[in-house]
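Encoded as structure tokens, the structure appears first; notes follow it.
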Amino acid sequence: MSTFQFKNKTLNWFILITLLMGVQMVFEVLFISPLKDESAQLQSDLTHLRGISNSSHTQAGSQVARLESFSNTLVRLPTKDDRILKLHQLALEQGVTLSKISYRSENMGGSLQKDELQMEIKGSYPAIRGYIRSLQIEDIALSIDSLEFRQTNSLGKVLTNAKIVLYSSVS
């Protein structure tokens, strides 16, 4: 074997090893580095979730306090009948018509009662929005669970199916 062939083979091996090292570097930059970043983010998220889990035991007391505060608020509200009457008065004030009203009461346990009202509200879109806004302002223990708007044949009138829930304290 001549020295030229030996140098040529050595050069070929050197080029092949250099190429393989280059491919390895590209592979690490394109695939391994993003995985390291994602792993660090997952580790950070896990640490955060563990912190939340540990603090949730102390938050249970604050949730009980919030529930007691809400129950105290419910006791100070007008009666259920007065609140339902107010819903109808607000409808008149806002220029909307309530129809097909159904009522359903459910005791939620303890001193909490849930009264569900399903109704159709008919009027102009701005009037219906005003009515919904006034409901939210007037009654702190009222929840609007669903609204479904449909256009009617009447010019500028909208028909809305609404599900409204009143929470109250059982006396």
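Please note that chains go A, B, ... in the order of the structure tokens, that every chain numbers its residues from 1, and that ligands are numbered from 1 in the order shown.
Within region 63-95 of chain A, DSSP applied to the backbone places the following residues in alpha helix (DSSP H): Gln63, Val64, Ala65, Arg66, Leu67, Glu68, Ser69, Phe70, Ser71, Asn72, Thr73, Leu74, Val75, Lys80, Asp81, Asp82, Arg83, Ile84, Leu85, Lys86, Leu87, His88, Gln89, Leu90, Ala91, Leu92, Glu93 and Gln94 of chain A.
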- Message: What parts of region 116-156 of chain A does DSSP call strand (DSSP E or B)? I'd like the answer as a PyMOL selection string.
- Response: chain A and resi 116-123+142-151
Go ahead and save the residues from that selection, with C-alpha atoms, as a short mmCIF file (atom, residue, chain, number, x, y, z; two decimals), in the first residue's frame.
```cif
data_model
loop_
_atom_site.label_atom_id
_atom_site.label_comp_id
_atom_site.auth_asym_id
_atom_site.auth_seq_id
_atom_site.Cartn_x
_atom_site.Cartn_y
_atom_site.Cartn_z
CA GLU A 116 -85.45 27.72 37.03
CA LEU A 117 -87.51 29.87 34.65
CA GLN A 118 -87.73 29.05 30.96
CA MET A 119 -89.38 31.67 28.79
CA GLU A 120 -89.65 33.28 25.41
CA ILE A 121 -88.68 36.94 25.21
CA LYS A 122 -89.92 38.90 22.22
CA GLY A 123 -88.80 42.38 21.24
CA LEU A 142 -79.70 35.43 39.23
CA SER A 143 -77.97 33.34 36.61
CA ILE A 144 -78.65 33.42 32.88
CA ASP A 145 -77.96 29.85 31.86
CA SER A 146 -78.84 30.06 28.17
CA LEU A 147 -80.08 32.42 25.49
CA GLU A 148 -81.12 31.37 22.01
CA PHE A 149 -81.93 34.15 19.54
CA ARG A 150 -84.14 33.68 16.46
CA GLN A 151 -85.36 36.25 14.01
#
```
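Going from CA of Thr160 (chain A) to CA of Leu92 (chain A) covers 15.8 Å.
Using only C-alpha atoms, the nearest neighbour of His88 (chain A) within the list A:Leu155, A:Met108, A:Ala65, A:Ile132 is A:Ile132.
Across the model, the gap from CA of Ile128 (chain A) to CA of Leu90 (chain A) is 10.7 Å.
Pairwise distance (CA of Gln63 (chain A), CA of Pro78 (chain A)) equals 24.9 Å.
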Within 12 Å of Gln89 (chain A), counting only C-alpha atoms, which residues show up once you throw out same-chain ones fewer than 4 positions away? Write them as a CSV table (one decimal) with C-alpha atoms, in the first residue's frame, please.
```csv
chain,number,residue,atom,x,y,z
A,82,ASP,CA,-91.1,39.5,44.7
A,83,ARG,CA,-88.1,38.7,42.6
A,84,ILE,CA,-90.2,37.0,39.9
A,85,LEU,CA,-92.5,40.0,39.9
A,93,GLU,CA,-89.8,48.8,31.4
A,94,GLN,CA,-87.5,47.5,28.6
A,95,GLY,CA,-90.3,47.0,26.1
A,96,VAL,CA,-90.1,43.3,25.7
A,97,THR,CA,-92.8,40.6,26.0
A,98,LEU,CA,-92.4,37.5,28.1
A,131,TYR,CA,-83.7,43.5,29.6
A,134,SER,CA,-81.2,45.0,33.8
A,135,LEU,CA,-81.8,41.5,35.1
A,138,GLU,CA,-81.1,44.1,39.6
```
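Of the listed residues (A:Ile101, A:Leu166, A:Leu11, A:Leu159), A:Leu166 comes nearest to Leu77 (chain A); the distances count only C-alpha atoms.
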Find the residues around Ser105 (chain A) up to 8 Å (only C-alpha atoms counted), leave out those fewer than 5 positions away in its own chain, and share them as a PDB file with C-alpha atoms, in the first residue's frame.
```
ATOM      1  CA  GLN A 113     -83.044  26.671  46.531  1.00  0.00           C
ATOM      2  CA  LYS A 114     -82.811  26.901  42.750  1.00  0.00           C
ATOM      3  CA  ASP A 115     -85.771  28.243  40.754  1.00  0.00           C
ATOM      4  CA  GLU A 116     -85.452  27.724  37.029  1.00  0.00           C
TER       5      GLU A 116
END
```
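Minimum atom-to-atom distance to Arg133 (chain A), evaluated using only C-alpha atoms, belongs to A:Leu87 out of A:Ala40, A:Leu87, A:Glu106, A:Thr79.
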